[in-house]
Amino acid sequence: MLTLHGIRKRFGSTVAVDGVSLSVKRGEVFGLLGPNGAGKTTTISMAIGLLAPDEGRVELEGLGAPTDPRVRAHIGVAPQALALYDDLSAEENLRFFGRVYGLGGAALAGRVAAVLEGVGLSPRGRDRVKGFSGGMKRRLNLAVALLHDPPMLLLDEPTAGVDPQSRNNILELVGRLRAEGRTVVYTTHYMEEAERLCDRVAVIDHGRLLALGTVGELVGAHGGRPTLALHHGEQVRRIETDDPVPEIARALAPGGPPLTGLAIERPNLESVFLHLTGRSLRD
Amino acid sequence: MRPILAIAMKDLRLLVRDKGAAFFTFIFPLALAIFFGMVFGGGGGGPSGIRVALVVEDPGPAAAALAADLAKATGLTVTTMGTRAEGETAVRRGKADACVVLPAGFQEQADNIFAGQSMRIEARVDPRRQAEAGLLTGKLNELAFVQMSRGMTDTSKFTGMLDRARSSIAAAKGLSPQRRLLMGALLDTLGGLNEAQARLQADAEAPAGGAEAASGGGFTWRPVTVDVQPLRPEDNTPQNAFEISFPQGIVWGLMGCVVGFGVSMASERTQGTLMRLSAAPIGRHQIILGKALGCFLACVLVQGLLILMGTVAFGVHIRQPALMGLAVVSSSLGFVGVMMLMIGLMRTEGAASGMGRAVVLILAMIGGGTIPLAFMPPLLQKVSGISPFSWSTLAVEGAVWRGFTLGEMLWPCGVLAGIGLAGFLIGLMAMRWADRG
């Protein structure tokens, strides 16, 4: 559906994206993960045609590059910033963006009602956005992306800073979008969201693609071995092992410190992420 | 075109809903125009009534009495002037609505109203002020009638008037005997009435009777001729202070539009709505044209509102409506260019609302926002040429009171259109440059 062919982008002396190639399949939810400053935003900006790559090319299957406005009509974007007009009502925001996307008349009215219903904001449609909570704004931000019924969506941190109810609503909505056969590119810092939603995940850092695959593949390749955590009172001892039973037996043997608890920590996407991108802080 | 219109309409809606921006764009300029108009001595034909320049060319008792009555009359503000030329100049320059002249021979006419003469009063009125002319004519007739009544209730004066009339009839050569007889009978009747009135006045003990006689002793015929002539005002002078203060208000309205739209574009950048618009299936040029159209319409709207208010409520008279249209359109184009320059160079809300506002404010001040162009010393007038606001003021004043021809109007309008085009192109290039970085 969306293919990046060795895209490269430089701002002055800084290389923001350094030869990223990947392909997003039709109908999948594709996670794009990376720490702050990894090059995600620049990659996304090129994927939706806001920036033209210095090298390489971006192609939307059978349509061409998204720098062409006609190609962009097939993409819905929910930016990380709440890109809404606070002094307009939810309906007015939707009607405005709908007109920009070429909708009008009964079709526009129908889509406005449908997306408001979809994000659970129908009763607040006529209220000004400035009175909305963060979660409501996030949902409306997503509704704008869905307005023109695009086959492909790019959702940039769609659950950032929302309450659990709104988050659940958004995650359920993304699940429905996948069920409808839409392609979704999803960026997030919440690893459990990526594990729950994404069919495949790409991890990028320093402008480079570090890993790409299903969550299982990535965990298998980069997650390391399971960890046995042995609790001796306040102290916790961690042992990487594929066979925890002998270690547990040793811990229970007389003469050692008393064992107060134990847990087996299986590798997950977060451990993959930290393994690939390191534990140093990114500001 | 549809997305461009959608963006323009959205921006206008946001402008109106932003209380601060709406205040500084629509309310503040109007308040300033009214305030400065009052300060500079406005008021026109409004609350203080019809402004009359009175010229007395025959300083007899009749003229003095009429002048005193005029001064006391409600609805008139009378200023006595020395000569007819001064009075007419006041009307031409909009300092008076009418010039009333009590001409030489007025006293003689007043004394001989039964000898075929009538009191002739001349009035020179701005032809645009037809309503005031009608009111003034009525008021002059009324006062002359009062004057007449006074003359007739003064029995000795009235006797003198009848005697002069009899002498005139006796001396008249071409009068037929029948007509001479009829007029003599009329004068005898009037004389009888006058004697009866004199006896009544002598018998009356109470002084109040005089007042009753004064008000009730009238004879109904037209005692006065008011000769109303139009007096074309000078085209190249403001007719009232609001004709200066409303163009001044327009400066502030345009400033409100430019700053409002400049800040809104910067906030679109920081809020992410510009990014969302850029990701839509429209070209960058459509987004910019939408913004430009919104700003253009806001500029037209604020100018239209001020012109309408000035015309309807504050006596601003637009001498050349077609040229005013040209001035409004070219001013709007010019300030779209200023707005484009601002959004190209000021990338953040802070820069736009701080530095951008400050620069525009200074340009507005030297462009006629504080001291009207007409009152500026020549050097400052030349300096103000660097401000687009001064060209806009000049164009608007050109259509209101400067009496510009089309050729003269093309100069400020051309400069404004040039500013618009240059600002648009430079702003566009600055935006492209910044987006590339």
# chains A, B, ... in the order shown; residues from 1 in each chain; ligands from 1
>>> interface_residues(of="chain A", to="chain B", cutoff="6 Å", atoms="only C-alpha atoms", output="list of chain:residue names")
A:Pro69, A:Arg70, A:Arg72, A:Ala73, A:Ala81, A:Ala83, A:Val100
>>> write_last_selection(atoms="C-alpha atoms", output="CSV table (one decimal), in the first residue's frame")
chain,number,residue,atom,x,y,z
A,69,PRO,CA,-2.3,16.5,-3.8
A,70,ARG,CA,-4.5,14.0,-5.6
A,72,ARG,CA,-3.0,12.7,-0.6
A,73,ALA,CA,-6.8,12.4,-1.0
A,81,ALA,CA,-0.7,18.0,17.8
A,83,ALA,CA,-4.9,20.1,14.9
A,100,VAL,CA,-11.1,21.1,2.2
>>> residues_around(residues="region 306-311 of chain B", least_positions_apart="4", cutoff="7 Å", atoms="only C-alpha atoms", output="PyMOL selection string")
chain B and resi 30+246+250+302+315-317
>>> write_last_selection(atoms="C-alpha atoms", output="PDB file, in the first residue's frame")
ATOM      1  CA  LEU B  30     -15.135  52.746  15.119  1.00  0.00           C
ATOM      2  CA  PHE B 246     -13.267  57.929   9.790  1.00  0.00           C
ATOM      3  CA  ILE B 250      -9.979  52.741   8.767  1.00  0.00           C
ATOM      4  CA  VAL B 302     -14.073  46.684   8.193  1.00  0.00           C
ATOM      5  CA  GLY B 315     -22.373  63.112   8.186  1.00  0.00           C
ATOM      6  CA  VAL B 316     -19.491  61.696   6.169  1.00  0.00           C
ATOM      7  CA  HIS B 317     -20.308  62.409   2.545  1.00  0.00           C
TER       8      HIS B 317
END
>>> closest_residue(among="A:Arg167, A:Glu193, A:His148, A:Ala249", to="Gly104 (chain A)", atoms="only C-alpha atoms")
A:His148
>>> closest_residue(among="A:Ile48, A:Val203, A:Ile7, A:Leu262", to="Ala78 (chain A)", atoms="only C-alpha atoms")
A:Ile48
>>> residues_around(residues="His275 (chain A)", least_positions_apart="4", cutoff="10 Å", atoms="only C-alpha atoms", output="VMD selection string")
chain A and resid 222 to 224 269 to 271 279
>>> write_last_selection(atoms="N, CA and C atoms", output="PDB file, in the first residue's frame")
ATOM      1  N   HIS A 222      15.262  -9.983  19.081  1.00  0.00           N
ATOM      2  CA  HIS A 222      15.954  -8.924  19.849  1.00  0.00           C
ATOM      3  C   HIS A 222      15.554  -8.850  21.325  1.00  0.00           C
ATOM      4  N   GLY A 223      14.598  -9.692  21.738  1.00  0.00           N
ATOM      5  CA  GLY A 223      14.067  -9.532  23.106  1.00  0.00           C
ATOM      6  C   GLY A 223      14.948 -10.159  24.169  1.00  0.00           C
ATOM      7  N   GLY A 224      15.877 -11.032  23.769  1.00  0.00           N
ATOM      8  CA  GLY A 224      16.707 -11.707  24.764  1.00  0.00           C
ATOM      9  C   GLY A 224      15.950 -12.869  25.389  1.00  0.00           C
ATOM     10  N   LEU A 269       7.895  -6.251  23.675  1.00  0.00           N
ATOM     11  CA  LEU A 269       8.301  -5.208  22.723  1.00  0.00           C
ATOM     12  C   LEU A 269       9.139  -4.126  23.406  1.00  0.00           C
ATOM     13  N   GLU A 270       8.815  -3.875  24.667  1.00  0.00           N
ATOM     14  CA  GLU A 270       9.578  -2.855  25.381  1.00  0.00           C
ATOM     15  C   GLU A 270      11.047  -3.270  25.521  1.00  0.00           C
ATOM     16  N   SER A 271      11.253  -4.568  25.831  1.00  0.00           N
ATOM     17  CA  SER A 271      12.648  -5.009  25.940  1.00  0.00           C
ATOM     18  C   SER A 271      13.331  -4.985  24.579  1.00  0.00           C
ATOM     19  N   ARG A 279      19.320   2.484  26.666  1.00  0.00           N
ATOM     20  CA  ARG A 279      18.583   2.972  27.837  1.00  0.00           C
ATOM     21  C   ARG A 279      18.884   4.433  28.150  1.00  0.00           C
TER      22      ARG A 279
END
>>> select_by_dssp(residues="region 103-318 of chain B", states="strand (DSSP E)", output="PyMOL selection string")
chain B and resi 119-125+224-230
>>> write_last_selection(atoms="N, CA and C atoms", output="PDB file, in the first residue's frame")
ATOM      1  N   MET B 119     -40.175  91.429   3.499  1.00  0.00           N
ATOM      2  CA  MET B 119     -38.827  91.277   4.043  1.00  0.00           C
ATOM      3  C   MET B 119     -38.148  90.140   3.295  1.00  0.00           C
ATOM      4  N   ARG B 120     -37.059  90.457   2.664  1.00  0.00           N
ATOM      5  CA  ARG B 120     -36.363  89.455   1.865  1.00  0.00           C
ATOM      6  C   ARG B 120     -35.143  88.949   2.641  1.00  0.00           C
ATOM      7  N   ILE B 121     -35.153  87.644   2.840  1.00  0.00           N
ATOM      8  CA  ILE B 121     -34.022  87.018   3.536  1.00  0.00           C
ATOM      9  C   ILE B 121     -33.348  86.070   2.556  1.00  0.00           C
ATOM     10  N   GLU B 122     -32.050  86.137   2.482  1.00  0.00           N
ATOM     11  CA  GLU B 122     -31.317  85.237   1.592  1.00  0.00           C
ATOM     12  C   GLU B 122     -30.722  84.091   2.409  1.00  0.00           C
ATOM     13  N   ALA B 123     -30.850  82.913   1.845  1.00  0.00           N
ATOM     14  CA  ALA B 123     -30.236  81.746   2.513  1.00  0.00           C
ATOM     15  C   ALA B 123     -29.413  80.978   1.478  1.00  0.00           C
ATOM     16  N   ARG B 124     -28.189  80.659   1.849  1.00  0.00           N
ATOM     17  CA  ARG B 124     -27.301  79.877   0.973  1.00  0.00           C
ATOM     18  C   ARG B 124     -27.051  78.548   1.677  1.00  0.00           C
ATOM     19  N   VAL B 125     -27.505  77.469   1.039  1.00  0.00           N
ATOM     20  CA  VAL B 125     -27.509  76.172   1.722  1.00  0.00           C
ATOM     21  C   VAL B 125     -26.739  75.151   0.889  1.00  0.00           C
ATOM     22  N   VAL B 224     -42.705  87.602   4.378  1.00  0.00           N
ATOM     23  CA  VAL B 224     -41.281  87.432   4.161  1.00  0.00           C
ATOM     24  C   VAL B 224     -41.021  86.563   2.931  1.00  0.00           C
ATOM     25  N   THR B 225     -39.971  86.879   2.263  1.00  0.00           N
ATOM     26  CA  THR B 225     -39.526  86.038   1.158  1.00  0.00           C
ATOM     27  C   THR B 225     -38.173  85.464   1.531  1.00  0.00           C
ATOM     28  N   VAL B 226     -38.124  84.131   1.598  1.00  0.00           N
ATOM     29  CA  VAL B 226     -36.831  83.492   1.877  1.00  0.00           C
ATOM     30  C   VAL B 226     -36.280  82.989   0.547  1.00  0.00           C
ATOM     31  N   ASP B 227     -35.226  83.588   0.137  1.00  0.00           N
ATOM     32  CA  ASP B 227     -34.613  83.243  -1.149  1.00  0.00           C
ATOM     33  C   ASP B 227     -33.510  82.210  -0.885  1.00  0.00           C
ATOM     34  N   VAL B 228     -33.868  80.946  -1.116  1.00  0.00           N
ATOM     35  CA  VAL B 228     -32.905  79.873  -0.847  1.00  0.00           C
ATOM     36  C   VAL B 228     -32.139  79.537  -2.127  1.00  0.00           C
ATOM     37  N   GLN B 229     -30.847  79.626  -2.048  1.00  0.00           N
ATOM     38  CA  GLN B 229     -29.994  79.285  -3.201  1.00  0.00           C
ATOM     39  C   GLN B 229     -28.971  78.229  -2.778  1.00  0.00           C
ATOM     40  N   PRO B 230     -28.736  77.263  -3.655  1.00  0.00           N
ATOM     41  CA  PRO B 230     -27.710  76.262  -3.296  1.00  0.00           C
ATOM     42  C   PRO B 230     -26.316  76.870  -3.348  1.00  0.00           C
TER      43      PRO B 230
END
>>> residues_around(residues="His5 (chain A)", least_positions_apart="2", cutoff="10 Å", atoms="only C-alpha atoms", output="CSV table (one decimal) with C-alpha atoms, in the first residue's frame")
chain,number,residue,atom,x,y,z
A,2,LEU,CA,2.8,2.4,1.0
A,3,THR,CA,6.4,2.0,0.1
A,7,ILE,CA,14.3,7.8,1.6
A,8,ARG,CA,16.9,10.2,3.0
A,19,GLY,CA,18.0,5.6,3.8
A,20,VAL,CA,14.8,4.1,5.2
A,21,SER,CA,13.1,1.4,3.1
A,22,LEU,CA,10.0,-0.3,4.2
A,23,SER,CA,6.7,-1.4,2.8
A,55,GLU,CA,16.9,10.9,-2.0
A,56,GLY,CA,14.7,7.9,-2.6
A,57,ARG,CA,11.0,8.0,-3.2
A,58,VAL,CA,7.7,7.4,-1.5
A,59,GLU,CA,4.9,5.7,-3.3
>>> atom_distance(atom1="CA of Gly216 (chain A)", atom2="CA of Phe30 (chain A)")
14.0 Å
>>> residues_around(residues="Val329 (chain B)", least_positions_apart="2", cutoff="10 Å", atoms="only C-alpha atoms", output="compact mmCIF listing (two decimals) with N, CA and C atoms, in the first residue's frame")
# COMPACT_ATOMS: atom_id res chain seq x y z
N PHE B 296 -8.45 39.70 2.80
CA PHE B 296 -9.01 40.69 1.87
C PHE B 296 -10.47 41.01 2.25
N LEU B 297 -11.24 39.95 2.47
CA LEU B 297 -12.66 40.15 2.81
C LEU B 297 -12.81 40.88 4.14
N CYS B 299 -10.69 43.02 5.38
CA CYS B 299 -10.33 44.43 5.14
C CYS B 299 -11.50 45.17 4.48
N VAL B 300 -12.13 44.52 3.50
CA VAL B 300 -13.27 45.15 2.83
C VAL B 300 -14.40 45.36 3.84
N GLN B 303 -13.66 48.22 6.35
CA GLN B 303 -13.75 49.53 5.69
C GLN B 303 -15.21 49.85 5.37
N LEU B 323 -14.94 55.84 -6.87
CA LEU B 323 -13.54 55.93 -6.46
C LEU B 323 -13.34 55.37 -5.06
N MET B 324 -14.37 55.50 -4.23
CA MET B 324 -14.28 54.90 -2.89
C MET B 324 -14.17 53.38 -3.01
N GLY B 325 -14.95 52.82 -3.94
CA GLY B 325 -14.85 51.37 -4.18
C GLY B 325 -13.43 50.99 -4.57
N LEU B 326 -12.85 51.79 -5.44
CA LEU B 326 -11.47 51.53 -5.89
C LEU B 326 -10.51 51.63 -4.70
N ALA B 327 -10.73 52.65 -3.87
CA ALA B 327 -9.85 52.84 -2.70
C ALA B 327 -9.95 51.65 -1.75
N SER B 331 -6.87 49.23 -1.08
CA SER B 331 -6.37 49.16 0.31
C SER B 331 -6.36 47.72 0.79
N SER B 332 -7.43 47.00 0.48
CA SER B 332 -7.52 45.60 0.92
C SER B 332 -6.42 44.78 0.28
N LEU B 333 -6.17 45.01 -1.01
CA LEU B 333 -5.09 44.28 -1.69
C LEU B 333 -3.74 44.59 -1.04
N GLY B 334 -3.53 45.89 -0.78
CA GLY B 334 -2.27 46.31 -0.18
C GLY B 334 -2.03 45.64 1.16
N CYS B 413 -3.75 54.23 -5.26
CA CYS B 413 -4.29 52.87 -5.45
C CYS B 413 -3.25 51.98 -6.11
N LEU B 416 -0.72 51.01 -3.52
CA LEU B 416 -1.27 49.96 -2.63
C LEU B 416 -1.27 48.60 -3.33
N ALA B 417 -1.68 48.60 -4.60
CA ALA B 417 -1.69 47.33 -5.34
C ALA B 417 -0.26 46.79 -5.47
>>> atom_distance(atom1="CA of Pro226 (chain A)", atom2="CA of Arg266 (chain A)")
4.6 Å
>>> closest_residue(among="A:Lys40, A:Gly34, A:Ala90, A:Ser166", to="Val272 (chain A)", atoms="only C-alpha atoms")
A:Gly34
>>> atom_distance(atom1="CA of Pro127 (chain B)", atom2="CA of Cys99 (chain B)")
12.2 Å
>>> closest_residue(among="A:Pro254, A:Gly220, A:Gly120, A:Pro150", to="His74 (chain A)", atoms="only C-alpha atoms")
A:Pro150
>>> select_by_dssp(residues="region 92-147 of chain B", states="alpha helix (DSSP H)", output="number ranges by chain")
B: 92, 106-111, 130-147
>>> residues_around(residues="His232 (chain A)", least_positions_apart="5", cutoff="8 Å", atoms="only C-alpha atoms", output="list of chain:residue names")
A:Arg237, A:Pro257, A:Pro258, A:Leu259, A:Thr260, A:Gly261
>>> write_last_selection(atoms="C-alpha atoms", output="mmCIF file, in the first residue's frame")
data_model
loop_
_atom_site.group_PDB
_atom_site.id
_atom_site.type_symbol
_atom_site.label_atom_id
_atom_site.label_comp_id
_atom_site.auth_asym_id
_atom_site.auth_seq_id
_atom_site.Cartn_x
_atom_site.Cartn_y
_atom_site.Cartn_z
ATOM 1 C CA ARG A 237 17.881 -10.957 41.876
ATOM 2 C CA PRO A 257 18.580 -16.131 52.055
ATOM 3 C CA PRO A 258 14.873 -16.882 52.389
ATOM 4 C CA LEU A 259 12.923 -16.640 49.091
ATOM 5 C CA THR A 260 9.897 -14.371 49.522
ATOM 6 C CA GLY A 261 8.670 -14.354 45.909
#
>>> closest_residue(among="B:Gln109, B:Gln130, B:Gln178, B:Ser149", to="Arg164 (chain B)", atoms="only C-alpha atoms")
B:Gln109
